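Below is the file work-v9.csv, which contains CSV, C-alpha atoms.
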```
chain,number,residue,atom,x,y,z
G,198,MET,CA,118.4,98.9,84.1
G,199,SER,CA,120.9,100.8,86.3
G,200,ILE,CA,120.0,102.5,89.5
G,201,GLN,CA,120.1,106.2,89.3
G,202,PRO,CA,121.6,108.2,92.1
G,203,VAL,CA,119.1,110.2,94.3
G,204,ASP,CA,119.8,113.5,96.0
G,205,VAL,CA,117.8,112.7,99.1
G,206,VAL,CA,116.0,115.7,100.6
G,207,TYR,CA,113.8,113.8,103.1
G,208,THR,CA,113.9,110.4,104.8
G,209,ALA,CA,110.9,108.8,106.4
G,210,VAL,CA,111.6,106.5,109.3
G,211,ALA,CA,109.1,103.9,110.7
G,212,THR,CA,109.6,101.0,113.0
G,213,ALA,CA,107.4,97.9,113.2
G,214,GLU,CA,107.0,95.7,116.2
G,215,ASN,CA,105.6,92.1,115.8
G,216,GLY,CA,105.4,92.3,112.0
G,217,ARG,CA,102.0,91.9,110.5
G,218,ASP,CA,100.3,91.5,113.9
G,219,GLY,CA,101.6,94.4,115.9
G,220,ARG,CA,102.2,98.1,115.6
G,221,VAL,CA,104.1,100.5,113.3
G,222,ALA,CA,105.1,104.0,114.1
G,223,SER,CA,107.1,106.8,112.6
G,224,ASP,CA,110.0,108.3,114.4
G,225,ASP,CA,108.2,111.7,114.7
G,226,GLY,CA,105.0,110.2,116.1
G,227,LYS,CA,102.7,111.4,113.3
G,228,LEU,CA,102.0,107.7,112.3
G,229,ASP,CA,101.3,105.2,115.0
G,230,VAL,CA,98.9,102.4,114.1
G,231,VAL,CA,98.0,98.9,115.0
G,232,VAL,CA,98.6,96.4,112.2
G,233,ASN,CA,96.8,93.1,111.9
G,234,PRO,CA,96.3,90.7,109.0
G,235,PRO,CA,93.0,91.1,107.2
G,236,LYS,CA,90.3,88.5,107.8
G,237,GLU,CA,90.9,87.2,104.3
G,238,GLN,CA,94.4,86.1,105.5
G,239,GLY,CA,93.1,84.6,108.7
G,240,GLY,CA,93.7,87.7,110.9
G,241,SER,CA,91.4,89.7,113.0
G,242,GLY,CA,91.2,92.6,110.6
G,243,ALA,CA,91.0,94.9,113.6
G,244,GLY,CA,93.9,97.2,112.6
G,245,THR,CA,95.3,98.4,109.3
G,246,ASN,CA,97.7,96.3,107.3
G,247,PRO,CA,100.8,96.8,105.1
G,248,GLU,CA,98.8,96.6,101.9
G,249,GLN,CA,96.5,99.5,103.0
G,250,LEU,CA,99.5,101.6,104.0
G,251,PHE,CA,101.1,100.9,100.6
G,252,ALA,CA,97.9,101.8,98.8
G,253,ALA,CA,97.6,105.0,100.8
G,254,GLY,CA,101.2,106.0,100.0
G,255,TYR,CA,101.0,105.0,96.3
G,256,SER,CA,97.7,106.8,95.6
G,257,THR,CA,99.0,109.9,97.3
G,258,CYS,CA,102.3,109.8,95.4
G,259,PHE,CA,100.6,109.1,92.1
G,260,GLN,CA,98.2,112.0,92.7
G,261,GLY,CA,101.2,114.3,93.2
G,262,ALA,CA,102.8,113.0,90.0
G,263,LEU,CA,99.6,113.6,88.1
G,264,SER,CA,99.5,117.2,89.3
G,265,VAL,CA,103.1,117.8,88.2
G,266,VAL,CA,102.4,116.3,84.7
G,267,ALA,CA,99.1,118.3,84.4
G,268,ARG,CA,100.9,121.5,85.2
G,269,ARG,CA,103.5,120.8,82.6
G,270,GLU,CA,100.7,120.1,80.1
G,271,SER,CA,98.6,123.1,81.2
G,272,VAL,CA,95.7,120.9,82.1
G,273,ASP,CA,93.5,121.6,85.2
G,274,VAL,CA,93.1,118.4,87.2
G,275,SER,CA,91.6,120.0,90.3
G,276,GLY,CA,89.0,117.7,91.9
G,277,SER,CA,90.8,114.6,90.6
G,278,ARG,CA,91.1,111.5,92.7
G,279,VAL,CA,93.5,108.6,92.6
G,280,THR,CA,92.6,105.2,94.0
G,281,ALA,CA,95.2,102.4,94.5
G,282,LYS,CA,94.1,98.8,95.0
G,283,VAL,CA,96.9,96.7,96.3
G,284,GLY,CA,96.4,92.9,96.2
G,285,ILE,CA,98.5,90.3,97.9
G,286,GLY,CA,98.6,86.6,97.2
G,287,LYS,CA,100.7,83.6,96.6
G,288,THR,CA,103.1,83.3,93.8
G,289,PRO,CA,103.8,80.1,91.8
G,290,ASP,CA,107.1,79.6,93.7
G,291,GLY,CA,105.3,79.5,97.0
G,292,GLY,CA,106.1,83.0,98.1
G,293,PHE,CA,103.9,86.1,98.2
G,294,GLY,CA,103.6,88.9,95.7
G,295,LEU,CA,101.7,92.1,95.2
G,296,THR,CA,99.6,93.6,92.4
G,297,VAL,CA,98.5,97.2,92.1
G,298,GLN,CA,95.7,98.8,90.2
G,299,ILE,CA,95.8,102.6,89.9
G,300,SER,CA,92.7,104.4,88.8
G,301,ALA,CA,92.4,108.2,88.3
G,302,LEU,CA,89.2,110.1,88.2
G,303,ILE,CA,89.8,113.4,86.4
G,304,PRO,CA,86.6,115.5,86.1
G,305,ASP,CA,86.2,117.9,83.2
G,306,VAL,CA,89.1,116.4,81.2
G,307,ASP,CA,88.4,114.4,78.0
G,308,PRO,CA,89.2,110.7,78.2
G,309,ALA,CA,92.2,110.7,75.8
G,310,THR,CA,93.8,113.6,77.6
G,311,ALA,CA,93.2,112.0,81.0
G,312,GLN,CA,94.7,108.7,79.8
G,313,ASN,CA,97.8,110.5,78.5
G,314,LEU,CA,98.2,112.3,81.8
G,315,VAL,CA,97.9,109.1,83.8
G,316,GLU,CA,100.4,107.3,81.6
G,317,LYS,CA,102.9,110.2,82.0
G,318,ALA,CA,102.3,110.3,85.7
G,319,HIS,CA,103.1,106.6,85.8
G,320,GLN,CA,106.5,107.3,84.3
G,321,VAL,CA,107.4,110.0,86.9
G,322,CYS,CA,105.8,108.8,90.1
G,323,PRO,CA,108.5,107.5,92.5
G,324,TYR,CA,106.3,104.6,93.6
G,325,SER,CA,105.7,103.6,90.0
G,326,ARG,CA,109.5,103.8,89.3
G,327,ALA,CA,110.2,101.7,92.3
G,328,THR,CA,107.8,99.0,91.4
G,329,ARG,CA,108.4,98.9,87.6
G,330,GLY,CA,109.5,95.5,86.6
G,331,ASN,CA,108.9,94.1,90.1
G,332,ILE,CA,105.2,93.8,90.4
G,333,ASP,CA,102.2,94.0,88.1
G,334,VAL,CA,100.9,97.6,88.1
G,335,THR,CA,98.1,98.7,85.9
G,336,VAL,CA,96.9,102.3,85.4
G,337,SER,CA,93.6,103.5,84.1
G,338,VAL,CA,91.2,106.4,84.0
G,339,ALA,CA,87.9,106.0,86.0
```
Entire entry expressed as structure tokens:
Amino acid sequence: MSIQPVDVVYTAVATAENGRDGRVASDDGKLDVVVNPPKEQGGSGAGTNPEQLFAAGYSTCFQGALSVVARRESVDVSGSRVTAKVGIGKTPDGGFGLTVQISALIPDVDPATAQNLVEKAHQVCPYSRATRGNIDVTVSVA
């Protein structure tokens, strides 16, 4: 699979201090949060963590892709919600890896149409494209 060129129209910039037990902030000040490992990883759980931030970004991006696909298909997805669950754990080689479960709730759309929209959104969502072949991502309709 070759990397396609991107005509960049926006670049987000964030800087982390002290890794998973510190702080991360965007250059424009709109994001400035304390990060701590969750209790499940031996941390305090007092702040957010990279997995929550990734889940927030992925669910938002996927929701946008779903809306684009729905418009193309002339389907009304107003009131829809996308949830991303990002898991982190050890891999067989001793490193760490991620998993993602995307679930879309699309009211007033029949299950077959909803599933079709979700699968198409997964093909166009930039987060899905970036993770494809790298981590286990499943998509479903709630």
Closest pair table for range 205-289 of chain G residues within 6 Å of range 321-331 of chain G, all atoms listed in the file, as CSV:
```
residue,atom,partner,partner_atom,distance
G:Tyr255,CA,G:Tyr324,CA,6.0
G:Phe259,CA,G:Cys322,CA,5.6
G:Ala262,CA,G:Cys322,CA,5.2
```
task: Would you mind telling me which residue in G:Lys282, G:Arg268, G:Lys227, G:Lys236 lies nearest to Ala252 in chain G when using all atoms listed in the file?
output: G:Lys282
- request: Skip Lys317 in chain G itself and residues of its chain fewer than 6 positions away, then list as a ChimeraX atom specification all residues within 10 Å of it, counting only C-alpha atoms.
  value: /G:262-263,265-267,311
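Taking CA of Ser256 in chain G as the reference point, CA of Leu295 in chain G is found at 15.2 Å.
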message: Give me the residues near Glu214 in chain G as number ranges by chain, where near means some atom within 12 Å (using all atoms listed in the file) and where sequence neighbours in that chain fewer than 3 positions away do not count.
response: G: 211, 217-223, 229-233
- request: Write out as a VMD selection string which residues come within 9 Å of Ser277 in chain G when counting all atoms listed in the file, dropping same-chain ones fewer than 3 positions away.
  value: chain G and resid 260 274 301 to 304
- prompt: Pick from G:Asn313, G:Ser241, G:Ser275, G:Thr280: nearest to Cys258 in chain G, with all atoms listed in the file counted?
  reply: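 When distances to Cys258 in chain G are compared using all atoms listed in the file, the smallest one comes from G:Thr280.
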Quick one: everything within 10 Å of Pro234 in chain G, counting only C-alpha atoms, minus sequence neighbours fewer than 3 positions away in the same chain. Send it as a compact mmCIF listing (two decimals) with C-alpha atoms, in the frame of the given file.
```txt
# COMPACT_ATOMS: atom_id res chain seq x y z
CA GLY G 216 105.40 92.30 112.00
CA ARG G 217 102.00 91.90 110.50
CA ASP G 218 100.30 91.50 113.90
CA GLY G 219 101.60 94.40 115.90
CA GLU G 237 90.90 87.20 104.30
CA GLN G 238 94.40 86.10 105.50
CA GLY G 239 93.10 84.60 108.70
CA GLY G 240 93.70 87.70 110.90
CA SER G 241 91.40 89.70 113.00
CA GLY G 242 91.20 92.60 110.60
CA ALA G 243 91.00 94.90 113.60
CA GLY G 244 93.90 97.20 112.60
CA THR G 245 95.30 98.40 109.30
CA ASN G 246 97.70 96.30 107.30
CA PRO G 247 100.80 96.80 105.10
CA GLU G 248 98.80 96.60 101.90
```
Best match for closeness to Gly254 in chain G among G:Gln298, G:Val203, G:Ala309, G:Ala281, counting only C-alpha atoms: G:Ala281
task: Check the smallest atom-to-atom distance from each of G:Ile200, G:Ala253, G:Val283, G:Val338 to Ala318 in chain G using all atoms listed in the file, then report the winner.
output: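 Going through G:Ile200, G:Ala253, G:Val283, G:Val338 one by one, the smallest distance to Ala318 in chain G is for G:Val338.
Each of G:Ser199, G:Gln312, G:Gly261, G:Gly294 was compared to Val334 in chain G using all atoms listed in the file, and G:Gly294 turns out to be the nearest.
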Atomic separation - CA of Thr257 in chain G relative to CA of Gly284 in chain G, Å: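 CA of Thr257 in chain G lies 17.2 Å from CA of Gly284 in chain G.
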